[in-house]
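J.: File model30.cif below, mmCIF, C-alpha atoms and all ligand atoms:
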```
data_protein
loop_
_atom_site.label_atom_id
_atom_site.label_comp_id
_atom_site.auth_asym_id
_atom_site.auth_seq_id
_atom_site.Cartn_x
_atom_site.Cartn_y
_atom_site.Cartn_z
CA MET A 58 7.76 -14.87 -14.81
CA LYS A 59 8.36 -15.57 -11.11
CA VAL A 60 7.74 -12.70 -8.70
CA LEU A 61 8.85 -12.60 -5.07
CA VAL A 62 6.29 -10.60 -3.08
CA THR A 63 7.55 -9.46 0.32
CA GLY A 64 4.73 -8.60 2.70
CA GLY A 65 2.37 -10.44 0.38
CA ALA A 66 0.09 -11.69 3.16
CA GLY A 67 -0.83 -8.10 4.13
CA TYR A 68 -3.66 -5.87 2.96
CA ILE A 69 -2.31 -4.52 -0.34
CA GLY A 70 -0.01 -7.51 -0.83
CA SER A 71 -2.78 -10.11 -0.75
CA HIS A 72 -4.90 -8.18 -3.28
CA THR A 73 -1.86 -7.77 -5.52
CA VAL A 74 -0.99 -11.48 -5.29
CA LEU A 75 -4.52 -12.19 -6.49
CA SER A 76 -4.11 -9.82 -9.47
CA LEU A 77 -0.70 -11.27 -10.31
CA LEU A 78 -2.08 -14.81 -10.35
CA GLU A 79 -5.01 -13.70 -12.49
CA ASN A 80 -2.47 -12.27 -14.92
CA ASN A 81 -0.51 -15.53 -15.02
CA TYR A 82 2.47 -14.40 -12.98
CA ASP A 83 3.98 -17.04 -10.74
CA VAL A 84 4.18 -15.82 -7.14
CA VAL A 85 6.29 -16.59 -4.06
CA VAL A 86 5.22 -14.72 -0.92
CA TYR A 87 7.77 -13.91 1.79
CA ASP A 88 6.29 -12.46 4.98
CA ASN A 89 7.06 -12.63 8.71
CA LEU A 90 3.32 -12.30 9.51
CA CYS A 91 3.95 -9.52 12.05
CA ASN A 92 0.84 -7.74 10.80
CA SER A 93 -1.04 -10.38 8.81
CA SER A 94 -2.28 -13.93 8.64
CA VAL A 95 -1.73 -16.72 6.10
CA GLU A 96 -5.50 -17.03 5.97
CA SER A 97 -5.46 -14.12 3.46
CA LEU A 98 -3.37 -16.24 1.09
CA ARG A 99 -5.54 -19.32 1.58
CA ARG A 100 -8.49 -17.20 0.49
CA VAL A 101 -6.56 -15.88 -2.50
CA GLU A 102 -5.91 -19.52 -3.47
CA LYS A 103 -9.63 -20.26 -3.24
CA LEU A 104 -10.59 -17.19 -5.27
CA THR A 105 -8.09 -17.87 -8.04
CA GLY A 106 -7.96 -21.68 -7.99
CA LYS A 107 -4.14 -21.34 -8.03
CA SER A 108 -1.62 -22.14 -5.35
CA VAL A 109 0.57 -19.56 -3.64
CA LYS A 110 4.02 -20.51 -2.41
CA PHE A 111 4.50 -19.04 1.04
CA ILE A 112 7.74 -18.72 3.02
CA GLN A 113 7.62 -17.27 6.50
CA GLY A 114 10.66 -15.06 7.00
CA ASP A 115 11.97 -11.61 7.78
CA ILE A 116 13.45 -9.23 5.21
CA CYS A 117 16.18 -8.37 7.73
CA SER A 118 17.54 -11.94 7.45
CA LYS A 119 19.83 -12.05 4.43
CA ASP A 120 20.44 -15.77 5.04
CA ASP A 121 16.75 -16.61 4.82
CA LEU A 122 16.28 -14.35 1.80
CA THR A 123 19.24 -15.99 0.06
CA LYS A 124 17.68 -19.42 0.59
CA VAL A 125 14.49 -18.21 -1.09
CA PHE A 126 16.39 -16.87 -4.10
CA ASN A 127 18.35 -20.13 -4.29
CA GLN A 128 15.20 -22.22 -4.10
CA PHE A 129 13.14 -20.27 -6.65
CA ASN A 130 14.18 -18.72 -9.90
CA ILE A 131 13.05 -15.19 -9.06
CA ASP A 132 12.80 -12.64 -11.90
CA ALA A 133 11.36 -9.65 -10.05
CA VAL A 134 10.57 -8.47 -6.54
CA ILE A 135 7.55 -6.50 -5.35
CA HIS A 136 8.43 -5.14 -1.94
CA PHE A 137 5.49 -4.42 0.39
CA ALA A 138 7.02 -5.59 3.69
CA ALA A 139 7.18 -2.66 6.10
CA LEU A 140 5.73 -1.33 9.32
CA LYS A 141 3.12 1.31 8.49
CA ALA A 142 1.51 2.85 11.59
CA VAL A 143 2.32 6.55 11.49
CA GLY A 144 1.63 7.26 15.20
CA GLU A 145 3.57 4.19 16.35
CA SER A 146 6.51 5.23 14.20
CA ALA A 147 6.99 8.32 16.39
CA GLU A 148 7.05 6.10 19.51
CA ILE A 149 9.44 3.44 18.19
CA PRO A 150 11.30 5.15 15.33
CA LEU A 151 14.27 2.80 15.48
CA SER A 152 12.06 -0.21 14.78
CA TYR A 153 10.69 1.63 11.74
CA TYR A 154 14.13 2.50 10.38
CA GLN A 155 15.37 -1.03 11.15
CA ASN A 156 12.45 -2.73 9.45
CA ASN A 157 11.70 -0.35 6.59
CA VAL A 158 15.13 1.00 5.70
CA HIS A 159 17.61 -1.63 6.90
CA GLY A 160 15.23 -4.44 5.79
CA THR A 161 15.04 -2.94 2.29
CA VAL A 162 18.82 -2.60 2.13
CA CYS A 163 19.18 -6.30 3.08
CA LEU A 164 16.75 -7.25 0.34
CA LEU A 165 18.55 -5.11 -2.26
CA GLU A 166 21.91 -6.60 -1.25
CA VAL A 167 20.64 -10.14 -1.71
CA MET A 168 19.04 -9.19 -5.03
CA GLN A 169 22.35 -7.76 -6.22
CA GLN A 170 24.22 -10.92 -5.18
CA GLN A 171 21.62 -12.99 -7.00
CA LYS A 172 21.66 -10.74 -10.07
CA VAL A 173 17.95 -9.99 -9.84
CA HIS A 174 17.43 -6.38 -10.91
CA ASN A 175 13.66 -5.83 -11.30
CA PHE A 176 12.25 -4.12 -8.22
CA ILE A 177 8.89 -2.53 -7.40
CA PHE A 178 8.66 -0.57 -4.16
CA SER A 179 5.62 0.42 -2.07
CA SER A 180 6.16 4.10 -1.62
CA SER A 181 3.61 6.63 -0.43
CA ALA A 182 2.19 10.08 -1.14
CA THR A 183 3.72 11.01 2.21
CA VAL A 184 7.12 11.39 0.43
CA TYR A 185 5.93 14.74 -0.96
CA GLY A 186 6.06 16.06 2.61
CA GLU A 187 4.43 19.15 4.02
CA GLU A 188 5.89 21.66 1.60
CA SER A 189 4.53 20.48 -1.77
CA ASP A 190 1.57 22.06 -3.55
CA VAL A 191 -1.34 19.89 -4.67
CA PRO A 192 -1.89 17.97 -6.83
CA TYR A 193 1.34 16.09 -6.30
CA VAL A 194 3.40 15.41 -9.43
CA GLU A 195 6.38 13.04 -9.69
CA THR A 196 8.66 15.87 -10.85
CA MET A 197 8.39 17.52 -7.40
CA LYS A 198 11.33 17.14 -5.04
CA LEU A 199 10.97 14.68 -2.18
CA GLY A 200 9.73 16.60 0.86
CA THR A 201 9.96 16.29 4.63
CA PRO A 202 7.24 13.98 5.97
CA SER A 203 6.09 14.62 9.52
CA SER A 204 6.64 11.05 10.79
CA PRO A 205 9.49 8.54 10.98
CA TYR A 206 7.28 6.23 8.88
CA GLY A 207 7.15 8.84 6.12
CA ALA A 208 10.86 9.56 6.50
CA SER A 209 11.60 5.84 6.05
CA LYS A 210 9.85 5.94 2.64
CA VAL A 211 11.87 9.00 1.58
CA MET A 212 15.07 7.27 2.72
CA VAL A 213 14.29 4.14 0.71
CA GLU A 214 13.57 6.22 -2.40
CA ARG A 215 17.03 7.79 -1.92
CA VAL A 216 18.57 4.33 -1.46
CA LEU A 217 16.94 3.24 -4.74
CA ALA A 218 18.27 6.29 -6.61
CA ASP A 219 21.80 5.61 -5.34
CA THR A 220 21.49 1.90 -6.11
CA ALA A 221 20.43 2.71 -9.66
CA ASN A 222 23.38 5.09 -10.05
CA ALA A 223 25.85 2.47 -8.94
CA ASN A 224 24.32 -0.67 -10.46
CA LYS A 225 23.76 -0.10 -14.16
CA GLU A 226 21.53 -3.18 -14.39
CA PHE A 227 19.02 -1.98 -11.78
CA ARG A 228 15.40 -1.50 -12.92
CA GLY A 229 13.38 0.03 -10.12
CA VAL A 230 9.86 1.41 -9.83
CA SER A 231 8.54 3.39 -6.87
CA LEU A 232 4.78 3.34 -6.71
CA ARG A 233 3.55 6.24 -4.61
CA TYR A 234 0.18 5.15 -3.27
CA PHE A 235 -2.40 7.67 -2.18
CA ASN A 236 -5.13 6.30 0.16
CA PRO A 237 -6.02 2.68 -0.65
CA ILE A 238 -9.38 1.52 0.69
CA GLY A 239 -11.98 -1.12 -0.10
CA ALA A 240 -11.60 -4.83 -0.58
CA HIS A 241 -11.87 -7.51 -3.25
CA GLU A 242 -15.44 -7.59 -4.57
CA SER A 243 -15.92 -11.14 -3.21
CA GLY A 244 -15.70 -9.80 0.35
CA ALA A 245 -13.32 -12.68 1.11
CA ILE A 246 -10.15 -10.62 1.53
CA GLY A 247 -9.74 -7.11 2.89
CA GLU A 248 -8.01 -4.91 5.43
CA ASP A 249 -7.66 -6.50 8.86
CA PRO A 250 -6.00 -4.02 11.22
CA LYS A 251 -4.81 -5.24 14.60
CA GLY A 252 -6.26 -3.31 17.56
CA ILE A 253 -7.79 0.14 17.11
CA PRO A 254 -7.63 1.15 13.45
CA ASN A 255 -5.50 4.22 12.67
CA ASN A 256 -6.95 4.80 9.24
CA LEU A 257 -10.33 6.25 8.41
CA LEU A 258 -12.11 3.50 6.45
CA PRO A 259 -11.33 0.57 8.76
CA TYR A 260 -12.52 2.73 11.68
CA VAL A 261 -15.76 3.71 9.95
CA ALA A 262 -16.37 0.06 9.01
CA GLN A 263 -15.85 -1.08 12.61
CA VAL A 264 -18.33 1.55 13.84
CA ALA A 265 -20.82 0.31 11.24
CA VAL A 266 -20.45 -3.30 12.36
CA GLY A 267 -20.87 -2.32 16.03
CA LYS A 268 -17.28 -2.92 17.19
CA ARG A 269 -16.73 0.79 18.00
CA ASP A 270 -19.24 3.32 19.35
CA LYS A 271 -18.51 6.28 17.14
CA LEU A 272 -16.05 7.82 14.77
CA SER A 273 -13.99 10.86 15.78
CA ILE A 274 -13.50 13.22 12.87
CA PHE A 275 -10.11 14.83 13.39
CA GLY A 276 -10.80 18.51 12.78
CA ASP A 277 -13.50 20.48 10.93
CA ASP A 278 -11.60 23.75 10.75
CA TYR A 279 -9.24 23.04 7.86
CA PRO A 280 -9.17 25.44 4.90
CA THR A 281 -11.18 22.99 2.76
CA GLN A 282 -14.73 23.11 1.41
CA ASP A 283 -16.39 21.51 4.44
CA GLY A 284 -13.55 22.01 6.95
CA SER A 285 -12.45 18.35 7.11
CA CYS A 286 -9.31 16.94 5.43
CA GLU A 287 -9.39 15.82 1.80
CA ARG A 288 -7.58 12.75 0.50
CA ASP A 289 -7.29 10.78 -2.74
CA TYR A 290 -8.96 7.44 -1.91
CA LEU A 291 -8.45 4.64 -4.42
CA HIS A 292 -9.81 1.11 -4.56
CA VAL A 293 -7.28 -1.49 -3.42
CA MET A 294 -8.03 -3.62 -6.53
CA ASP A 295 -7.15 -0.65 -8.76
CA LEU A 296 -3.95 -0.34 -6.74
CA ALA A 297 -3.27 -4.08 -7.09
CA GLN A 298 -3.69 -3.77 -10.85
CA GLY A 299 -1.25 -0.85 -10.76
CA HIS A 300 1.43 -3.33 -9.67
CA VAL A 301 0.61 -5.64 -12.56
CA ALA A 302 0.79 -2.59 -14.88
CA ALA A 303 4.21 -1.69 -13.43
CA LEU A 304 5.52 -5.24 -13.99
CA ASN A 305 4.15 -5.22 -17.53
CA TRP A 306 5.85 -1.86 -18.07
CA LEU A 307 9.20 -3.29 -16.91
CA ASN A 308 8.71 -6.26 -19.23
CA ARG A 309 7.85 -4.01 -22.18
CA ASN A 310 10.79 -1.69 -21.58
CA ASP A 311 13.76 -3.98 -21.94
CA GLU A 312 16.13 -1.05 -22.30
CA PHE A 313 15.01 0.69 -19.12
CA ARG A 314 17.65 1.09 -16.41
CA GLY A 315 17.34 3.33 -13.36
CA VAL A 316 14.43 4.07 -11.07
CA GLU A 317 11.11 5.66 -11.98
CA ALA A 318 8.36 6.94 -9.65
CA PHE A 319 4.63 6.81 -10.41
CA ASN A 320 1.70 8.24 -8.44
CA LEU A 321 -1.17 5.80 -8.04
CA GLY A 322 -4.34 7.71 -7.18
CA THR A 323 -7.61 8.83 -8.73
CA GLY A 324 -6.77 12.53 -8.95
CA ASN A 325 -9.75 13.51 -6.76
CA GLY A 326 -9.77 14.83 -3.19
CA ILE A 327 -12.65 13.58 -1.01
CA SER A 328 -13.37 14.99 2.46
CA VAL A 329 -13.86 13.00 5.66
CA PHE A 330 -17.50 14.18 5.88
CA ALA A 331 -18.06 13.05 2.28
CA ILE A 332 -16.63 9.61 3.10
CA VAL A 333 -18.98 9.25 6.07
CA LYS A 334 -21.95 10.25 3.88
CA ALA A 335 -20.97 7.85 1.12
CA PHE A 336 -20.55 5.00 3.60
CA GLU A 337 -23.93 5.74 5.20
CA LYS A 338 -25.52 5.63 1.76
CA ALA A 339 -23.85 2.30 0.98
CA ILE A 340 -25.08 0.62 4.16
CA ASN A 341 -28.31 2.56 4.56
CA LYS A 342 -27.55 3.35 8.20
CA THR A 343 -26.12 6.36 10.02
CA ILE A 344 -22.58 6.39 11.37
CA PRO A 345 -22.38 8.12 14.76
CA PHE A 346 -19.50 10.61 14.91
CA ASP A 347 -18.16 13.58 16.79
CA VAL A 348 -15.62 16.18 15.82
CA SER A 349 -12.41 16.12 17.81
CA PRO A 350 -9.22 18.21 17.56
CA ARG A 351 -6.91 17.90 14.56
CA ARG A 352 -4.54 14.91 14.52
CA ALA A 353 -0.87 15.88 14.69
CA GLY A 354 0.84 15.66 11.32
CA ASP A 355 -2.33 15.66 9.17
CA LEU A 356 -2.21 17.86 6.07
CA PRO A 357 -5.41 19.68 5.01
CA ALA A 358 -5.68 18.21 1.52
CA PHE A 359 -3.70 16.28 -1.05
CA TRP A 360 -4.39 14.26 -4.15
CA ALA A 361 -2.49 12.83 -7.08
CA ASN A 362 -1.73 13.99 -10.52
CA ALA A 363 -1.83 10.45 -11.92
CA SER A 364 -1.27 11.30 -15.58
CA LYS A 365 2.20 9.74 -15.70
CA ALA A 366 0.82 6.33 -14.64
CA ASN A 367 -2.14 6.82 -17.04
CA LYS A 368 0.18 7.48 -19.95
CA GLU A 369 3.19 5.27 -19.32
CA LEU A 370 1.79 2.36 -17.32
CA ASN A 371 -1.48 2.42 -19.17
CA TRP A 372 -3.15 2.40 -15.79
CA GLN A 373 -6.12 4.25 -14.41
CA ALA A 374 -8.19 3.92 -11.25
CA THR A 375 -11.61 2.89 -12.53
CA ARG A 376 -13.64 1.90 -9.48
CA SER A 377 -16.06 4.47 -8.04
CA LEU A 378 -16.35 5.79 -4.50
CA GLU A 379 -19.66 3.89 -4.21
CA GLN A 380 -17.91 0.65 -5.06
CA MET A 381 -15.11 1.37 -2.56
CA MET A 382 -17.73 1.82 0.17
CA ALA A 383 -19.80 -1.21 -0.86
CA ASP A 384 -16.74 -3.49 -1.01
CA THR A 385 -15.43 -2.25 2.35
CA TRP A 386 -18.79 -3.08 3.88
CA HIS A 387 -19.04 -6.45 2.13
CA TRP A 388 -15.68 -7.49 3.60
CA GLN A 389 -16.34 -6.04 7.08
CA SER A 390 -19.86 -7.41 7.45
CA ASN A 391 -18.82 -10.88 6.23
CA ASN A 392 -15.74 -10.85 8.46
CA PRO A 393 -16.48 -8.77 11.58
CA ASN A 394 -13.34 -10.20 13.22
CA GLY A 395 -11.19 -10.07 10.12
CA TYR A 396 -9.29 -13.29 9.42
CA LEU A 397 -9.91 -14.58 12.95
CA VAL A 398 -12.65 -17.09 12.21
P1 LIG B 1 0.23 -4.51 5.89
O1 LIG B 1 0.76 -4.30 7.26
O2 LIG B 1 -1.12 -5.10 5.75
O3 LIG B 1 1.25 -5.37 5.03
C1 LIG B 1 2.63 -5.37 5.28
C2 LIG B 1 3.09 -6.81 5.34
O4 LIG B 1 4.49 -6.85 5.56
C3 LIG B 1 2.44 -7.58 6.50
O5 LIG B 1 1.94 -8.80 6.01
C4 LIG B 1 3.59 -7.81 7.49
O6 LIG B 1 3.44 -9.01 8.20
C5 LIG B 1 4.79 -7.83 6.54
N1 LIG B 1 6.07 -7.42 7.16
C6 LIG B 1 6.32 -6.31 7.89
N2 LIG B 1 7.60 -6.28 8.26
C7 LIG B 1 8.19 -7.40 7.72
C8 LIG B 1 9.51 -7.92 7.74
N3 LIG B 1 10.49 -7.31 8.42
N4 LIG B 1 9.77 -9.06 7.08
C9 LIG B 1 8.78 -9.71 6.41
N5 LIG B 1 7.50 -9.26 6.38
C10 LIG B 1 7.22 -8.11 7.02
O7 LIG B 1 0.30 -3.09 5.15
P2 LIG B 1 -0.28 -2.65 3.74
O8 LIG B 1 -1.31 -1.61 4.01
O9 LIG B 1 -0.62 -3.80 2.92
O10 LIG B 1 0.98 -1.89 3.15
C11 LIG B 1 1.89 -2.52 2.26
C12 LIG B 1 2.98 -1.53 1.88
O11 LIG B 1 2.39 -0.36 1.29
C13 LIG B 1 3.80 -1.01 3.04
O12 LIG B 1 5.13 -0.84 2.60
C14 LIG B 1 3.19 0.34 3.33
O13 LIG B 1 4.10 1.22 3.95
C15 LIG B 1 2.83 0.81 1.94
N6 LIG B 1 1.77 1.81 1.90
C16 LIG B 1 0.56 1.52 2.46
C17 LIG B 1 -0.46 2.47 2.43
C18 LIG B 1 -1.80 2.18 3.05
O14 LIG B 1 -2.59 3.09 3.16
N7 LIG B 1 -2.12 0.95 3.43
C19 LIG B 1 -0.23 3.70 1.82
C20 LIG B 1 1.02 3.97 1.25
C21 LIG B 1 2.01 2.99 1.30
C1 LIG B 2 -2.06 8.18 6.81
C2 LIG B 2 -0.63 8.60 7.02
C3 LIG B 2 0.16 8.37 5.74
C4 LIG B 2 0.01 6.92 5.28
C5 LIG B 2 -1.47 6.61 5.13
C6 LIG B 2 -1.71 5.18 4.75
C7 LIG B 2 -0.73 10.37 8.72
C8 LIG B 2 -0.45 11.79 9.01
N1 LIG B 2 -0.55 9.98 7.44
O1 LIG B 2 -2.59 8.98 5.79
O2 LIG B 2 1.52 8.65 5.96
O3 LIG B 2 0.69 6.72 4.05
O4 LIG B 2 -2.13 6.85 6.38
O5 LIG B 2 -1.37 4.31 5.78
O6 LIG B 2 -1.11 9.62 9.60
N2 LIG B 2 -9.47 10.48 10.14
C9 LIG B 2 -10.44 10.80 11.03
N3 LIG B 2 -10.76 9.89 12.01
C10 LIG B 2 -10.13 8.69 12.12
C11 LIG B 2 -9.12 8.36 11.19
C12 LIG B 2 -8.81 9.29 10.22
O7 LIG B 2 -11.04 11.87 10.96
O8 LIG B 2 -10.45 7.91 13.05
C13 LIG B 2 -9.15 11.43 9.06
C14 LIG B 2 -7.71 11.91 9.09
O9 LIG B 2 -7.59 13.07 9.86
C15 LIG B 2 -7.44 12.15 7.61
C16 LIG B 2 -8.37 11.18 6.88
O10 LIG B 2 -9.33 10.76 7.83
O11 LIG B 2 -7.81 13.43 7.28
C17 LIG B 2 -7.64 9.98 6.35
O12 LIG B 2 -6.87 9.42 7.40
P1 LIG B 2 -6.02 8.09 7.24
O13 LIG B 2 -6.88 7.01 6.73
O14 LIG B 2 -5.29 7.86 8.53
O15 LIG B 2 -4.98 8.45 6.08
P2 LIG B 2 -3.95 9.67 5.97
O16 LIG B 2 -3.92 10.49 7.18
O17 LIG B 2 -4.21 10.36 4.69
#
```
Render the structure in this file as structure tokens.
T.:
Amino acid sequence: MKVLVTGGAGYIGSHTVLSLLENNYDVVVYDNLCNSSVESLRRVEKLTGKSVKFIQGDICSKDDLTKVFNQFNIDAVIHFAALKAVGESAEIPLSYYQNNVHGTVCLLEVMQQQKVHNFIFSSSATVYGEESDVPYVETMKLGTPSSPYGASKVMVERVLADTANANKEFRGVSLRYFNPIGAHESGAIGEDPKGIPNNLLPYVAQVAVGKRDKLSIFGDDYPTQDGSCERDYLHVMDLAQGHVAALNWLNRNDEFRGVEAFNLGTGNGISVFAIVKAFEKAINKTIPFDVSPRRAGDLPAFWANASKANKELNWQATRSLEQMMADTWHWQSNNPNGYLV
């Protein structure tokens, strides 16, 4: 089976490409490299001993996408390509809607023309918005996320529902990721943020490696056990395997038509202080931090009810918090400058 992976050179994409190859899927990566480097794919090739076909291109170009579908016999698409910086999305919302919403519509139009109907979308826990109770369950209504980034994910889920209503052949899966962290156990591929990291783990790892002085913990006065926010962190290789499980599910369920959402998380909330402690334990060193005011848009606590993915996809996050910390450190310490060698 040949899978087109948009955004496959990025953090989650590169780990998923590796898992797909290990599971004997044939992969074509399509990425404009706006937030990644082909070096990630070279390393995936080394790790797997298999080659990865790479086409540099933008999902907003229907002409370029059409050429890819004409060149390769694509059976399914896994769609990672998107802009993902929450703060930036409030500064340049139109770029986020253009890239994430319009880009997805272009891709879906080309897929429809090409009669390719299997589609897996990178959604996010952010689609539950501010109003949902925890743990989040797929039966909850889509909420109102606080950022244009989050809104773009809700919009695409709506686009997928309408596409499935209109196109009776469509077979879509929305995977709602919680907080992916960690890296492949080899330490050869991992998360390589450009500039100052927005997310917790890359920031902690850069403090540990000496690239940043100290971590700022955004708020210790939340109504949680230790006052800091709680999130559902899952290992990126568990998440990668979730995509393989979703493809296998589509393949098993010939009759399936429509669009189905699955939470991918561990089901546990971990606080920011607990993450810092776990990281310190993994590297046997202290992480300097201070406590600063809350970050706009942060919710106190959320985690997944992942039983639907457990039951239907036959998928479960299996890697421990210790392993997430150790693998983050392995990647960061081996590659202090990411893919820039
Ligand atoms: P990433 O930035 O590492 O990967 C995204 C990839 O898409 C990059 O390689 C980038 O170059 C490419 N890309 C962006 N716009 C493109 C375009 N117009 N055309 C072609 N390629 C384009 O991000 P990631 O963390 O790997 O995230 C992958 C997906 O998962 C995104 O859709 C993101 O919104 C979603 N997601 C991520 C997280 C997370 O915590 N990392 C959580 C929930 C959802
Ligand atoms: C953020 C996004 C979410 C997106 C996800 C993955 C917001 C409001 N939400 O989730 O939409 O899907 O990233 O890209 O931005 N923290 C610190 N110091 C730091 C960085 C983070 O204390 O330097 C705290 C945050 O306040 C939060 C936790 O660490 O409580 C996790 O933060 P982060 O990694 O950015 O993920 P989310 O905020 O959960």
J.: For Ser94 of chain A, which residue among A:Phe137, A:Phe359, A:Tyr68, A:Phe330 is the nearest when counting all atoms listed in the file?
T.: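 Of all the options, A:Tyr68 lies closest to Ser94 of chain A.
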J.: Sorted by chain and rising residue number, which residues of chain A lie within 8 Å of ligand LIG 1 (chain B), and what are their closest atom pairs and distances in Å to one decimal, counting all atoms listed in the file, as a Markdown table?
T.:
```
| residue | atom | partner | partner_atom | distance |
| --- | --- | --- | --- | --- |
| A:Thr63 | CA | B:LIG1 | N5 | 6.1 |
| A:Gly64 | CA | B:LIG1 | O4 | 3.4 |
| A:Gly65 | CA | B:LIG1 | O5 | 5.9 |
| A:Ala66 | CA | B:LIG1 | O5 | 4.5 |
| A:Gly67 | CA | B:LIG1 | O5 | 3.4 |
| A:Tyr68 | CA | B:LIG1 | O9 | 3.7 |
| A:Ile69 | CA | B:LIG1 | O9 | 3.7 |
| A:Gly70 | CA | B:LIG1 | O9 | 5.3 |
| A:Ser71 | CA | B:LIG1 | O9 | 7.6 |
| A:Tyr87 | CA | B:LIG1 | C9 | 6.3 |
| A:Asp88 | CA | B:LIG1 | N5 | 3.7 |
| A:Asn89 | CA | B:LIG1 | C9 | 4.1 |
| A:Leu90 | CA | B:LIG1 | O6 | 3.5 |
| A:Cys91 | CA | B:LIG1 | O6 | 3.9 |
| A:Asn92 | CA | B:LIG1 | O6 | 3.9 |
| A:Ser93 | CA | B:LIG1 | O5 | 4.4 |
| A:Ser94 | CA | B:LIG1 | O5 | 7.1 |
| A:Gln113 | CA | B:LIG1 | C9 | 7.6 |
| A:Gly114 | CA | B:LIG1 | C9 | 5.7 |
| A:Asp115 | CA | B:LIG1 | N4 | 3.4 |
| A:Ile116 | CA | B:LIG1 | N4 | 4.1 |
| A:Cys117 | CA | B:LIG1 | N3 | 5.8 |
| A:His136 | CA | B:LIG1 | O12 | 7.1 |
| A:Phe137 | CA | B:LIG1 | C12 | 4.1 |
| A:Ala138 | CA | B:LIG1 | O4 | 3.4 |
| A:Ala139 | CA | B:LIG1 | C6 | 4.2 |
| A:Leu140 | CA | B:LIG1 | C6 | 5.2 |
| A:Lys141 | CA | B:LIG1 | O13 | 4.6 |
| A:Asn156 | CA | B:LIG1 | N3 | 5.1 |
| A:Asn157 | CA | B:LIG1 | N3 | 7.3 |
| A:Gly160 | CA | B:LIG1 | N3 | 6.1 |
| A:Phe178 | CA | B:LIG1 | O12 | 7.6 |
| A:Ser179 | CA | B:LIG1 | O11 | 4.7 |
| A:Ser180 | CA | B:LIG1 | C21 | 5.2 |
| A:Ser181 | CA | B:LIG1 | C20 | 4.1 |
| A:Ala182 | CA | B:LIG1 | C20 | 6.7 |
| A:Thr183 | CA | B:LIG1 | C20 | 7.6 |
| A:Tyr206 | CA | B:LIG1 | O13 | 7.7 |
| A:Lys210 | CA | B:LIG1 | O13 | 7.6 |
| A:Arg233 | CA | B:LIG1 | C20 | 6.8 |
| A:Tyr234 | CA | B:LIG1 | C20 | 4.7 |
| A:Phe235 | CA | B:LIG1 | C19 | 6.0 |
| A:Asn236 | CA | B:LIG1 | O14 | 5.1 |
| A:Pro237 | CA | B:LIG1 | O14 | 5.1 |
| A:Ile238 | CA | B:LIG1 | O14 | 7.4 |
| A:Glu248 | CA | B:LIG1 | O2 | 6.9 |
| A:Asp249 | CA | B:LIG1 | O2 | 7.4 |
| A:Pro250 | CA | B:LIG1 | O2 | 7.4 |
| A:Asn256 | CA | B:LIG1 | O14 | 7.7 |
```
J.: List as a PyMOL selection string the protein and nucleic acid residues near segment 281-290 of chain A, meaning an atom at most 12 Å away when all atoms listed in the file are counted, but skip any in the same chain fewer than 5 places from it.
T.: chain A and resi 181-183+191-193+233-239+256-258+273-276+295-296+320-333+348-352+354-363+374-382
J.: Out of A:Ala142, A:Ile149, A:Met168, A:Ala240, which residue has the shortest atom-to-atom distance to ligand LIG 2 (chain B) when counting only C-alpha atoms and all ligand atoms?
T.: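 Looking only at the distances to ligand LIG 2 (chain B), the closest residue turns out to be A:Ala142.
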J.: Work out how far atom CA of Ala221 of chain A is from atom CA of Val162 of chain A, in Å to one decimal.
T.: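 So the two atoms, atom CA of Val162 of chain A and atom CA of Ala221 of chain A, lie 13.0 Å apart.
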J.: Show which residues sit within 7 Å of His387 of chain A, as a list in words. Count only C-alpha atoms, and ignore same-chain residues fewer than 4 positions away.
T.: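 Skipping anything fewer than 4 positions along the chain leaves Gly244, Ala383 and Asn391 of chain A.
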J.: Which residue gives the smallest distance to ligand LIG 2 (chain B) among A:Asp311, A:Glu226, A:Glu337, A:Asp270, with all atoms listed in the file counted?
T.: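 Looking only at the distances to ligand LIG 2 (chain B), the closest residue turns out to be A:Asp270.
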J.: Could you check which of A:Gly299, A:Pro205, A:Gly395, A:Pro259 is closest to Gln155 of chain A, using only C-alpha atoms?
T.: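 When distances to Gln155 of chain A are compared using only C-alpha atoms, the smallest one comes from A:Pro205.
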J.: With distances taken over only C-alpha atoms and all ligand atoms, which of A:Lys271, A:Lys225, A:Lys107, A:His72 is nearest to ligand LIG 2 (chain B)?
T.: A:Lys271
J.: Taking all atoms listed in the file into account, which of A:Ile246, A:Ala147, A:Val230, A:Ala223 comes nearest ligand LIG 2 (chain B)?
T.: A:Ala147
J.: So what do you get for atom O12 of ligand LIG 2 (chain B) versus atom CA of Val264 of chain A, distance-wise?
T.: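 The value is 15.3 Å.
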J.: First collect every listed atom of segment 157-175 of chain A; then fit an axis-aligned box around them, widen it by 8 Å on each side, and give centre and edge lengths in Å to one decimal, as AutoDock Vina command-line options.
T.:
```
--center_x 18.0 --center_y -6.0 --center_z -2.2 --size_x 28.5 --size_y 30.0 --size_z 34.2
```
J.: Between atom CA of Phe126 of chain A and atom CA of Gly106 of chain A, measure the distance and give it in Å to one decimal.
T.: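 It comes out at 25.1 Å.
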J.: Skipping near chain neighbours, those fewer than 3 positions away, what residues fall within 7 Å of segment 301-303 of chain A using all atoms listed in the file, listed as a PyMOL selection string?
T.: chain A and resi 77+297-298+306-307+370-372
J.: Can you list, as a VMD selection string, every protein, DNA or RNA residue that comes within 9 Å of Glu96 of chain A when you count all atoms listed in the file, leaving out same-chain residues fewer than 4 positions away?
T.: chain A and resid 66 100 to 101 396 to 397
